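S.K.: Following this message is one structure expressed as structure tokens.
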Amino acid sequence: MQLIPCPWCGPREQTEFHYGGQADVAYPDDPAALTDEQWAHFVFFRDNPKGPFAERWFHSAGCRTWFRAVRDTRTYAFLPGSSA
Amino acid sequence: MTRLDGHGRIDRSRTLRFVVDDVAYTGHPGDTLASALLAHGVHRLGTSVKLGRPRGIGAAWVEDPTGLVQIEEPFPEPMLLAATVELTDGLVARGVGGRGRLAQVPDTARHDRQHHHCDVLVVGAGPAGLAAARQAARAGEDVVLVDDRSEAGGTLTGTETIDGRGSRDWAADVVAELAASGTVLHLQRTTAFGHHDDGYVLALERRTSGASRQRVHRIRAARVVVATGAIERPIVFEDNDRPGVMLASAARDLLHRQGVRAGSEVVVFTSDDAAYATAADLHDAGARVTVVDVRPTPPAAGPCLERDIVVHGNAVVTGAEGEDHVTGAVLGDGRTLPCDLLLVSGGWNPTAHLFSHVRGALRYDPELGAFRPGEELPGTRVVGAANGVLDLAGGLRDAVGDAAPAVVEQPRTPTTVLWRVPGDPARQFVDLARDATVRDIERAVGAGMTSVEHVKRYTTIGTAHDQGRTSGVIASGITAELLGRPIEDLGTTTFRPPYVPVAFAALAGRERGDLYDPVRTTVLHDRHVAAGAVFEDVGQWKRARHYPRAGEDMAAAVLRECAAARTGVAIMDGSTLGKIDVQGADAGVLLDRLYTNLMSSLKVGRVRYGVMCGNDGMMIDDGTVLRLADDRFLVTTTTGNAAVVLEWMEEWLQTEWPDLAVHVTSVTDQWAVLPVVGPRSRDVIGAVFGDVDVSNDAFGFMTWQDTVLDGVPVRLARISFSGELAYEVHVDARYAPALWDRLLEAGRPFDITPYGTETMHVLRAEKGYPIVGQDTDGTVTPQDLGMSWVISKKKTDFVGKRSFARAENLNPQRKELVSLLPTDAATTLPEGSQIVEFRADGALPPPPVPMLGHVTSSYRSAALGRPFALALLKAGRSRVGEVVHVPVGDRLVAAEIAPTVLVDPEGARRDG
Amino acid sequence: MTADLLAPVHLLDAWRARFEDLTVELAGRHDLAITLAPSTAALAVRVAPGAAAVAEVALGVPLPTRPLAWEPTLRGQSLHLGPDEWLVTDVAATSAAAWEAVTRPALAAVGAAASDVSAQYADLRLQGRAARELLSFGCALDLRPASFGPRTCARTLLGQSGVLLVGHDDGEFQLLVRTSFAGYVAAWLLDAAEEYR
């Protein structure tokens, strides 16, 4: 049972969290201006790196904070200090 | 009998009776099933899994590959090792043919779990573990110490001297000190079976008191000290699987723990010093012992010379004689030494599983002939024999450095590494639990396998209950020899949790029966139970499905409840609806962005239905929105999606739109919601809330009003999920039971009828109202449901809007929600049925048959006097009036495609 | 029609006798008592970042700023549940709805919000030396006094239910449980206490 570092509560067991996918995928300023392909890239396409990956996590059973954290997909380890 | 007086630590004052393979025996507290059998001279237990060869007890603890039993009493359990079953009075067991069988009756025993947090977890209460735990305790740290045997001390026999004390007295001193410290939790009979991320260790306790049979301890430790010792390794020779062939250390362990001498004519075949202690102890216990040592000059022969034990140096055992039991050891020079116990010692494998579980790399140590921890891991330290330090003094120093207690012992000489002796590979067993031989490894290598992981899977070596504790390294060694490569290049197979087999019941713990999954109930649950409701699970909720009267089945009850709602008045408990209090100056802005329709224009006092979609344009939820104030809305969600929608709102607010001045708070459990439905609902509401003008002019559809009843605030809303005149009554949940009673009483003149979710489903389906999650599945847009009217044309953007314009979402062949009316007016189509084109011959063509869609909801309708269904059908709305076929069992049922609204399409009934 | 005045129910009334039986049965053998606290008025208070100090004034109740801290107030508790979230209780408020009505405009003026959640939680108390162990049968938090002492509170999981766990003096724990989960948690606690029966 991995611990996930909640920026507000501190480390808690992973079952208290929900995964929110890749972080830093900003909602487009003007969706109507995008082509179908550009829009599909925003909606459906995500990175899948081997190594550090910035993700969204939600402390659903705790303080209900959505936060960003960097996790190494090879080891699952959260990079220290990356939760914010 | 080979039980010896003056040996062992069993309680001879008490006798335990047990039965194995229908023969009655006796033993003592402190015995394992294996030791008690061996005390009666019984080695043999069952047969091997593939070849049906006799199997016996091969070791004294978890490393035994062969001594498997099926427990019959006290409770049926398959595939336990006799060596690890603690003897209890009345135990009944039998040997197995390589496989056990599951119990046919439920296990009533309780299993549970407990969480712990500590500074240091020490696994193993042998000398190294005890020393490490004591050092941590003396430093004031919180310590958890677990050990899998029944008593602390590990392999200490009492013949060693530590700090001038007999070793077992020393161990007892340490245990007492730990107990007195107040900061140590010390658990025996507790096997650490998994080591996971962030210092998390799972340990299974076999309890001897308390309410549960077994307990899984979930231990979170800042540091983990692995002091799990080492396991002796055999040497492979012909027929080395015969009962009576055993690890040398096991015979010594049995002698010192249980006072059992496992044989009287003993041959010890060794390439390592440790077996000499076994030889000497067995000799002193009255056995005739001969030692066969691989090494040219047996270095530890001193004690044997003192005892006139014959030692054959530079010699090997190449085979075992005897079938059901070993009768002799065949030496390399052809001689046979008669024996009834053939002990083997080929060196030691550090028990580094808990290091490997957290990805610690092992490296081959040529002196040990084994793999040992090969790197430093943060937070985990492996000490003593588990770290490959086999001598007592060295192990203690490895654990606690200069704080190590003083020990005097002979220096060890290196093991001679020997995996197998010459012989017929088909009769040389590597993994005795799998009947896998050297020949099988040869086949694997011959087939091109060059990795030990592949050899493992090809031969199944290491995949049995013992996870190859005794066979794994040997298999690597033999594979390396066959490939002509160094073993260090090959490595060893990966150790994975669990270290020992763990019953699913232990992992499930108390999460079974009523506690399997949380049951959520509304505050009115007891009322529904008293009314005889039949419940259904909706997510974690228990909801009243229908309220059958005497003699009614569900169909009859639902027809009656539906009729009441359409012709009189009916009431239900809608409290499970998700409710979110949305407050703040930008509350309307938030809702405009998340709902497809415009919410900010809603006037205070009014209600609007809304739909939410994901970025992909697919519907995720729907519900009503009440505007309570300029800066406040009450949003309702479907029962199953309450948490999802709240999370969705919080995600957008916290990540994308932190600038919005809005707060969202769940109030699902705060408010009970009681829909009162039907043409007579106005009479009931009017009777209970005398100060409310319930006329249609004063209290119109999709409006709400606050009132007070007996000092309790109540909110009334004209919301209908049935097409009928209806009121939702919202009240602080604590007052809901009393208000429910009041409504029932006021409705009695109108025969008010409580109704359940099944009736609710029929009523809404008759009106073509979809249920998210039943008529939708994450691939359905509002347009697919015929709900283009709920999509705002005014808003420049909202979540999902851009996706509506994607080519795929404009495809005229998309599946659309329609009604299906079976033309026989009799068949209720099963939900989930596929829809195919009408076949004039009434028979399905050969596959593949194009599927046009499926039935999403299907009921019998009281109002229509016939069954009907909702379905998602390709281009469905353009096909209204056509007939399709629905395969039901072996036949094709014809069904006419119809618009979704079947009852009161003009909407005349909602105002009463 | 002669119905009685609307009477509130305690959401765990049906469990009260079973908790009392447990306490009686364990008396003298194990130091454990599970009791139900009376229902109190409660507001969920949400405050925009940085506005806690002004919201405190508007509310008339202190809002502790340290994460996972709570403070007793004149008439109840003020518990810090999340970065922008507090739960404030008042044992003396006769009408939570009225309390919400007077509080909300003052809070709204500083970008804060309040929702009546008085019926949302059941309030259970665990007392005695075995209380911490009982929780350890299903709560993964580090409940050692140095980590979770008096004046600490945290939302977490007990068994499979979300709970708000609140530390008090003398090793007492308060469990605030969503009412729809209260039956599960009550059953869970009684089942956990089988260890001592």
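Residue numbering restarts at 1 in every chain; chains get A, B, ... in the order shown in the structure tokens, and ligands count up from 1 in that same order.
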Chain C residues within 6 Å of chain A, counting only C-alpha atoms: which ones, as a tab-separated table (two decimals) with all heavy atoms, in the first residue's frame?
M.R.:
chain	number	residue	atom	x	y	z
C	81	LEU	N	-11.05	20.94	8.18
C	81	LEU	CA	-11.13	19.68	7.43
C	81	LEU	C	-10.34	19.70	6.13
C	81	LEU	O	-9.92	18.65	5.64
C	81	LEU	CB	-12.59	19.35	7.11
C	81	LEU	CG	-13.56	19.34	8.27
C	81	LEU	CD1	-14.91	18.85	7.80
C	81	LEU	CD2	-13.04	18.47	9.40
C	82	GLY	N	-10.22	20.87	5.55
C	82	GLY	CA	-9.54	20.97	4.27
C	82	GLY	C	-9.04	22.38	4.10
C	82	GLY	O	-9.36	23.25	4.93
C	155	ARG	N	-10.22	13.64	8.15
C	155	ARG	CA	-11.10	12.75	7.39
C	155	ARG	C	-10.24	11.63	6.85
C	155	ARG	O	-9.16	11.87	6.30
C	155	ARG	CB	-11.78	13.52	6.24
C	155	ARG	CG	-13.00	14.27	6.70
C	155	ARG	CD	-13.81	14.81	5.56
C	155	ARG	NE	-13.08	15.81	4.80
C	155	ARG	CZ	-13.64	16.90	4.27
C	155	ARG	NH1	-14.93	17.12	4.40
C	155	ARG	NH2	-12.92	17.76	3.59
C	156	THR	N	-10.72	10.42	7.01
C	156	THR	CA	-9.96	9.26	6.54
C	156	THR	C	-10.95	8.11	6.37
C	156	THR	O	-12.16	8.33	6.34
C	156	THR	CB	-8.81	8.93	7.52
C	156	THR	OG1	-8.01	7.88	6.98
C	156	THR	CG2	-9.35	8.49	8.88
S.K.: Please run DSSP on the backbone and report, as an MDAnalysis selection string, all residues within stretch 647-888 of chain B that come out as strand (DSSP E or B).
M.R.: chainID B and resid 663:666 671:677 703:709 712:717 726:732 753:754 815:822 834:837 853:861 866:874 883:888
S.K.: Can you build me a table of chain A residues sitting at most 12 Å from chain B, with the closest atom pair per residue and its distance in Å to one decimal, using only C-alpha atoms, sorted by chain and residue number, as JSON lines?
M.R.:
{"residue": "A:Met1", "atom": "CA", "partner": "B:Asp197", "partner_atom": "CA", "distance": 6.4}
{"residue": "A:Gln2", "atom": "CA", "partner": "B:Asp197", "partner_atom": "CA", "distance": 5.2}
{"residue": "A:Leu3", "atom": "CA", "partner": "B:Asp198", "partner_atom": "CA", "distance": 6.4}
{"residue": "A:Ile4", "atom": "CA", "partner": "B:Asp198", "partner_atom": "CA", "distance": 9.6}
{"residue": "A:Pro5", "atom": "CA", "partner": "B:Asp198", "partner_atom": "CA", "distance": 11.2}
{"residue": "A:Pro11", "atom": "CA", "partner": "B:Asp198", "partner_atom": "CA", "distance": 10.0}
{"residue": "A:Arg12", "atom": "CA", "partner": "B:Asp198", "partner_atom": "CA", "distance": 10.7}
{"residue": "A:Glu13", "atom": "CA", "partner": "B:Asp198", "partner_atom": "CA", "distance": 9.9}
{"residue": "A:Gln14", "atom": "CA", "partner": "B:Asp197", "partner_atom": "CA", "distance": 10.8}
{"residue": "A:Phe17", "atom": "CA", "partner": "B:Glu647", "partner_atom": "CA", "distance": 11.4}
{"residue": "A:His18", "atom": "CA", "partner": "B:Glu647", "partner_atom": "CA", "distance": 9.5}
{"residue": "A:Tyr19", "atom": "CA", "partner": "B:Glu647", "partner_atom": "CA", "distance": 11.3}
{"residue": "A:Gly20", "atom": "CA", "partner": "B:Glu651", "partner_atom": "CA", "distance": 8.7}
{"residue": "A:Gly21", "atom": "CA", "partner": "B:Glu651", "partner_atom": "CA", "distance": 11.6}
{"residue": "A:Ala23", "atom": "CA", "partner": "B:Thr655", "partner_atom": "CA", "distance": 9.4}
{"residue": "A:Asp24", "atom": "CA", "partner": "B:Thr655", "partner_atom": "CA", "distance": 9.3}
{"residue": "A:Val25", "atom": "CA", "partner": "B:Glu656", "partner_atom": "CA", "distance": 9.8}
{"residue": "A:Ala26", "atom": "CA", "partner": "B:Glu656", "partner_atom": "CA", "distance": 7.5}
{"residue": "A:Tyr27", "atom": "CA", "partner": "B:Glu656", "partner_atom": "CA", "distance": 7.3}
{"residue": "A:Pro28", "atom": "CA", "partner": "B:Glu656", "partner_atom": "CA", "distance": 10.5}
{"residue": "A:Asp29", "atom": "CA", "partner": "B:Asp797", "partner_atom": "CA", "distance": 10.1}
{"residue": "A:Asp30", "atom": "CA", "partner": "B:Asp797", "partner_atom": "CA", "distance": 8.3}
{"residue": "A:Pro31", "atom": "CA", "partner": "B:Arg802", "partner_atom": "CA", "distance": 6.0}
{"residue": "A:Ala32", "atom": "CA", "partner": "B:Arg802", "partner_atom": "CA", "distance": 6.1}
{"residue": "A:Ala33", "atom": "CA", "partner": "B:Arg802", "partner_atom": "CA", "distance": 9.3}
{"residue": "A:Leu34", "atom": "CA", "partner": "B:Arg802", "partner_atom": "CA", "distance": 8.7}
{"residue": "A:Thr35", "atom": "CA", "partner": "B:Arg806", "partner_atom": "CA", "distance": 9.0}
{"residue": "A:Asp36", "atom": "CA", "partner": "B:Arg806", "partner_atom": "CA", "distance": 5.9}
{"residue": "A:Glu37", "atom": "CA", "partner": "B:Arg806", "partner_atom": "CA", "distance": 9.1}
{"residue": "A:Gln38", "atom": "CA", "partner": "B:Arg806", "partner_atom": "CA", "distance": 10.9}
{"residue": "A:Trp39", "atom": "CA", "partner": "B:Arg802", "partner_atom": "CA", "distance": 7.7}
{"residue": "A:Ala40", "atom": "CA", "partner": "B:Ser803", "partner_atom": "CA", "distance": 8.4}
{"residue": "A:His41", "atom": "CA", "partner": "B:Asp616", "partner_atom": "CA", "distance": 11.1}
{"residue": "A:Phe42", "atom": "CA", "partner": "B:Asn615", "partner_atom": "CA", "distance": 9.0}
{"residue": "A:Val43", "atom": "CA", "partner": "B:Asn615", "partner_atom": "CA", "distance": 6.3}
{"residue": "A:Phe44", "atom": "CA", "partner": "B:Asp616", "partner_atom": "CA", "distance": 8.1}
{"residue": "A:Phe45", "atom": "CA", "partner": "B:Asp616", "partner_atom": "CA", "distance": 11.8}
{"residue": "A:Glu55", "atom": "CA", "partner": "B:Thr655", "partner_atom": "CA", "distance": 11.9}
{"residue": "A:Arg56", "atom": "CA", "partner": "B:Thr655", "partner_atom": "CA", "distance": 9.1}
{"residue": "A:Trp57", "atom": "CA", "partner": "B:Glu651", "partner_atom": "CA", "distance": 9.7}
{"residue": "A:Phe58", "atom": "CA", "partner": "B:Glu651", "partner_atom": "CA", "distance": 8.2}
{"residue": "A:His59", "atom": "CA", "partner": "B:Glu647", "partner_atom": "CA", "distance": 10.1}
{"residue": "A:Ser60", "atom": "CA", "partner": "B:Glu647", "partner_atom": "CA", "distance": 7.8}
{"residue": "A:Ala61", "atom": "CA", "partner": "B:Ala643", "partner_atom": "CA", "distance": 10.9}
{"residue": "A:Cys63", "atom": "CA", "partner": "B:Glu650", "partner_atom": "CA", "distance": 11.7}
{"residue": "A:Arg64", "atom": "CA", "partner": "B:Glu650", "partner_atom": "CA", "distance": 8.1}
{"residue": "A:Thr65", "atom": "CA", "partner": "B:Gln654", "partner_atom": "CA", "distance": 7.8}
{"residue": "A:Trp66", "atom": "CA", "partner": "B:Glu651", "partner_atom": "CA", "distance": 6.3}
{"residue": "A:Phe67", "atom": "CA", "partner": "B:Thr655", "partner_atom": "CA", "distance": 8.0}
{"residue": "A:Arg68", "atom": "CA", "partner": "B:Thr655", "partner_atom": "CA", "distance": 9.2}
{"residue": "A:Arg74", "atom": "CA", "partner": "B:Arg359", "partner_atom": "CA", "distance": 11.7}
{"residue": "A:Thr75", "atom": "CA", "partner": "B:Arg359", "partner_atom": "CA", "distance": 9.4}
{"residue": "A:Tyr76", "atom": "CA", "partner": "B:Asp197", "partner_atom": "CA", "distance": 9.0}
{"residue": "A:Ala77", "atom": "CA", "partner": "B:Asp197", "partner_atom": "CA", "distance": 8.5}
{"residue": "A:Phe78", "atom": "CA", "partner": "B:Asp198", "partner_atom": "CA", "distance": 10.7}
{"residue": "A:Ala84", "atom": "CA", "partner": "B:Thr655", "partner_atom": "CA", "distance": 11.3}
S.K.: Write down, as a VMD selection string, each residue of chain B that has any atom within 7 Å of an atom of chain C, counting only C-alpha atoms.
M.R.: chain B and resid 113 to 115 117 210 to 211 515 518 to 523 583 to 584 661 663 667 669 to 670 710 732 to 735 738 to 739 742
S.K.: Would you please give, as a list in words, all residues of chain A that DSSP assigns to alpha helix (DSSP H) based on the backbone?
M.R.: Asp36, Glu37, Gln38, Trp39, Ala40, His41, Phe42, Val43 and Phe44 of chain A
S.K.: I'd like the contact shell of C:Leu126 - 8 Å cut-off, only C-alpha atoms, skipping same-chain residues fewer than 2 positions apart - returned as number ranges by chain.
M.R.: C: 32-35, 124, 128, 131, 172-175
S.K.: Emit the selected residues as a compact mmCIF listing (two decimals), in the first residue's frame, including all heavy atoms.
M.R.:
# COMPACT_ATOMS: atom_id res chain seq x y z
N LEU C 32 -13.26 0.06 27.45
CA LEU C 32 -13.79 0.53 26.17
C LEU C 32 -15.26 0.87 26.32
O LEU C 32 -16.03 0.09 26.88
CB LEU C 32 -13.64 -0.55 25.09
CG LEU C 32 -14.23 -0.20 23.72
CD1 LEU C 32 -13.42 0.90 23.05
CD2 LEU C 32 -14.28 -1.42 22.81
N ALA C 33 -15.62 2.05 25.83
CA ALA C 33 -17.04 2.42 25.80
C ALA C 33 -17.32 3.12 24.48
O ALA C 33 -16.54 3.95 24.03
CB ALA C 33 -17.38 3.34 26.97
N ILE C 34 -18.42 2.75 23.87
CA ILE C 34 -18.88 3.44 22.66
C ILE C 34 -20.20 4.09 23.00
O ILE C 34 -21.12 3.42 23.49
CB ILE C 34 -19.06 2.45 21.49
CG1 ILE C 34 -17.78 1.66 21.24
CG2 ILE C 34 -19.49 3.19 20.23
CD1 ILE C 34 -17.92 0.56 20.19
N THR C 35 -20.28 5.39 22.79
CA THR C 35 -21.51 6.10 23.12
C THR C 35 -21.93 6.99 21.95
O THR C 35 -21.12 7.28 21.06
CB THR C 35 -21.34 6.98 24.37
OG1 THR C 35 -20.20 7.82 24.18
CG2 THR C 35 -21.14 6.13 25.61
N LEU C 124 -20.23 9.70 17.18
CA LEU C 124 -19.94 8.57 18.07
C LEU C 124 -18.71 8.88 18.89
O LEU C 124 -17.77 9.53 18.40
CB LEU C 124 -19.67 7.31 17.24
CG LEU C 124 -20.87 6.70 16.52
CD1 LEU C 124 -20.43 6.07 15.21
CD2 LEU C 124 -21.51 5.66 17.42
N GLY C 128 -11.74 5.05 26.51
CA GLY C 128 -11.07 3.94 27.18
C GLY C 128 -9.78 3.58 26.49
O GLY C 128 -9.52 3.95 25.36
N ALA C 131 -9.69 2.09 22.98
CA ALA C 131 -10.30 2.82 21.85
C ALA C 131 -9.36 2.91 20.66
O ALA C 131 -9.75 2.67 19.51
CB ALA C 131 -10.71 4.22 22.31
N GLU C 172 -9.62 9.79 24.11
CA GLU C 172 -10.97 9.63 23.57
C GLU C 172 -10.97 10.03 22.10
O GLU C 172 -10.28 10.97 21.70
CB GLU C 172 -11.95 10.50 24.35
CG GLU C 172 -13.37 10.46 23.79
CD GLU C 172 -14.35 11.36 24.53
OE1 GLU C 172 -14.08 11.68 25.71
OE2 GLU C 172 -15.37 11.74 23.94
N PHE C 173 -11.74 9.29 21.33
CA PHE C 173 -11.89 9.62 19.92
C PHE C 173 -13.36 9.90 19.63
O PHE C 173 -14.25 9.24 20.16
CB PHE C 173 -11.41 8.48 19.03
CG PHE C 173 -9.93 8.26 19.05
CD1 PHE C 173 -9.36 7.37 19.97
CD2 PHE C 173 -9.10 8.96 18.19
CE1 PHE C 173 -7.99 7.18 19.99
CE2 PHE C 173 -7.73 8.76 18.21
CZ PHE C 173 -7.17 7.87 19.12
N GLN C 174 -13.56 10.89 18.76
CA GLN C 174 -14.89 11.21 18.27
C GLN C 174 -14.93 10.81 16.80
O GLN C 174 -14.00 11.08 16.05
CB GLN C 174 -15.12 12.72 18.43
CG GLN C 174 -16.42 13.26 17.88
CD GLN C 174 -16.48 14.78 18.00
OE1 GLN C 174 -15.46 15.44 18.24
NE2 GLN C 174 -17.67 15.34 17.85
N LEU C 175 -16.01 10.16 16.42
CA LEU C 175 -16.17 9.76 15.02
C LEU C 175 -17.40 10.46 14.47
O LEU C 175 -18.51 10.21 14.93
CB LEU C 175 -16.43 8.25 14.92
CG LEU C 175 -15.25 7.30 14.92
CD1 LEU C 175 -15.77 5.87 14.89
CD2 LEU C 175 -14.37 7.55 13.71
S.K.: Using only C-alpha atoms, which protein or nucleic acid residues come within 9 Å of A:Gln22? Drop anything in the same chain fewer than 4 positions from it, and give the result as a compact mmCIF listing (two decimals) with N, CA, C and O atoms, in the first residue's frame.
M.R.:
# COMPACT_ATOMS: atom_id res chain seq x y z
N ARG A 46 -3.04 11.57 -24.32
CA ARG A 46 -2.23 11.87 -23.14
C ARG A 46 -0.86 11.24 -23.31
O ARG A 46 -0.70 10.24 -24.00
N ASP A 47 0.13 11.83 -22.63
CA ASP A 47 1.49 11.28 -22.67
C ASP A 47 1.53 9.98 -21.86
O ASP A 47 0.70 9.75 -20.98
N ASN A 48 2.51 9.17 -22.17
CA ASN A 48 2.68 7.92 -21.43
C ASN A 48 4.16 7.65 -21.26
O ASN A 48 4.70 6.70 -21.81
N PHE A 53 6.42 11.78 -14.43
CA PHE A 53 5.16 12.11 -15.10
C PHE A 53 4.36 12.99 -14.15
O PHE A 53 4.09 12.61 -13.02
N ALA A 54 4.00 14.18 -14.63
CA ALA A 54 3.20 15.09 -13.79
C ALA A 54 1.74 14.69 -13.87
O ALA A 54 1.19 14.56 -14.96
N GLU A 55 1.14 14.48 -12.71
CA GLU A 55 -0.22 13.95 -12.67
C GLU A 55 -1.09 14.78 -11.74
O GLU A 55 -0.60 15.46 -10.83
N ARG A 56 -2.39 14.63 -11.94
CA ARG A 56 -3.36 15.17 -10.99
C ARG A 56 -3.81 14.07 -10.07
O ARG A 56 -4.12 12.96 -10.51
S.K.: Do you know which residues are at most 9 Å from B:Ser264 counting only C-alpha atoms, after dropping those on the same chain fewer than 3 positions away, and could you put them as an NGL selection string?
M.R.: :B and (2 or 261 or 282-283 or 286-289 or 339-341)
S.K.: Next, dump the selected residues to file, keeping only all heavy atoms, as a CSV table (one decimal), in the first residue's frame.
M.R.:
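Once everything was written out, this is result_24.csv:
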chain,number,residue,atom,x,y,z
B,2,THR,N,10.6,-42.4,18.7
B,2,THR,CA,11.9,-41.8,18.7
B,2,THR,C,11.9,-40.4,19.4
B,2,THR,O,12.6,-39.5,19.1
B,2,THR,CB,12.4,-41.5,17.2
B,2,THR,OG1,11.3,-40.9,16.5
B,2,THR,CG2,12.8,-42.8,16.6
B,261,ARG,N,14.1,-37.6,17.4
B,261,ARG,CA,15.2,-38.0,16.6
B,261,ARG,C,14.6,-38.7,15.3
B,261,ARG,O,13.9,-39.7,15.4
B,261,ARG,CB,16.0,-39.0,17.4
B,261,ARG,CG,17.5,-39.2,16.8
B,261,ARG,CD,18.2,-40.3,17.6
B,261,ARG,NE,17.5,-41.6,17.3
B,261,ARG,CZ,17.5,-42.6,18.1
B,261,ARG,NH1,18.0,-42.5,19.3
B,261,ARG,NH2,16.8,-43.7,17.8
B,282,LEU,N,22.9,-35.8,16.8
B,282,LEU,CA,22.2,-37.0,16.6
B,282,LEU,C,23.0,-38.2,17.2
B,282,LEU,O,22.4,-39.1,17.8
B,282,LEU,CB,21.9,-37.3,15.1
B,282,LEU,CG,20.9,-36.4,14.5
B,282,LEU,CD1,20.9,-36.5,13.0
B,282,LEU,CD2,19.5,-36.6,15.1
B,283,HIS,N,24.3,-38.2,17.1
B,283,HIS,CA,25.1,-39.2,17.7
B,283,HIS,C,24.9,-39.2,19.2
B,283,HIS,O,24.6,-40.2,19.8
B,283,HIS,CB,26.6,-39.0,17.4
B,283,HIS,CG,27.5,-39.8,18.2
B,283,HIS,ND1,27.9,-41.1,17.7
B,283,HIS,CD2,28.1,-39.7,19.4
B,283,HIS,CE1,28.7,-41.6,18.6
B,283,HIS,NE2,28.8,-40.8,19.7
B,286,GLY,N,21.9,-40.8,20.4
B,286,GLY,CA,21.8,-42.3,20.3
B,286,GLY,C,21.7,-42.8,18.9
B,286,GLY,O,21.5,-44.0,18.8
B,287,ALA,N,21.8,-42.0,17.9
B,287,ALA,CA,21.8,-42.5,16.6
B,287,ALA,C,23.2,-42.9,16.1
B,287,ALA,O,24.2,-42.5,16.6
B,287,ALA,CB,21.3,-41.4,15.6
B,288,ARG,N,23.2,-43.9,15.2
B,288,ARG,CA,24.5,-44.2,14.5
B,288,ARG,C,24.6,-43.3,13.3
B,288,ARG,O,23.8,-43.3,12.5
B,288,ARG,CB,24.5,-45.7,14.1
B,288,ARG,CG,25.3,-46.6,15.1
B,288,ARG,CD,25.6,-47.9,14.4
B,288,ARG,NE,24.5,-48.6,13.9
B,288,ARG,CZ,23.6,-49.3,14.6
B,288,ARG,NH1,23.8,-49.5,15.9
B,288,ARG,NH2,22.6,-49.9,14.0
B,289,VAL,N,25.7,-42.6,13.3
B,289,VAL,CA,25.8,-41.5,12.3
B,289,VAL,C,27.1,-41.7,11.4
B,289,VAL,O,28.2,-42.0,12.0
B,289,VAL,CB,25.9,-40.1,12.9
B,289,VAL,CG1,26.0,-39.0,11.9
B,289,VAL,CG2,24.7,-39.9,13.8
B,339,CYS,N,20.8,-47.0,5.9
B,339,CYS,CA,20.3,-45.9,6.8
B,339,CYS,C,18.8,-45.8,6.7
B,339,CYS,O,18.2,-46.3,5.8
B,339,CYS,CB,21.0,-44.5,6.3
B,339,CYS,SG,20.5,-44.0,4.7
B,340,ASP,N,18.2,-45.2,7.7
B,340,ASP,CA,16.8,-44.9,7.7
B,340,ASP,C,16.6,-43.3,7.7
B,340,ASP,O,15.5,-42.9,7.7
B,340,ASP,CB,16.1,-45.5,8.8
B,340,ASP,CG,16.6,-45.1,10.2
B,340,ASP,OD1,17.5,-44.2,10.2
B,340,ASP,OD2,16.1,-45.6,11.2
B,341,LEU,N,17.7,-42.6,7.7
B,341,LEU,CA,17.6,-41.2,7.6
B,341,LEU,C,18.8,-40.7,6.8
B,341,LEU,O,19.9,-40.9,7.2
B,341,LEU,CB,17.5,-40.5,9.0
B,341,LEU,CG,17.4,-39.0,9.0
B,341,LEU,CD1,16.0,-38.5,8.5
B,341,LEU,CD2,17.6,-38.5,10.4
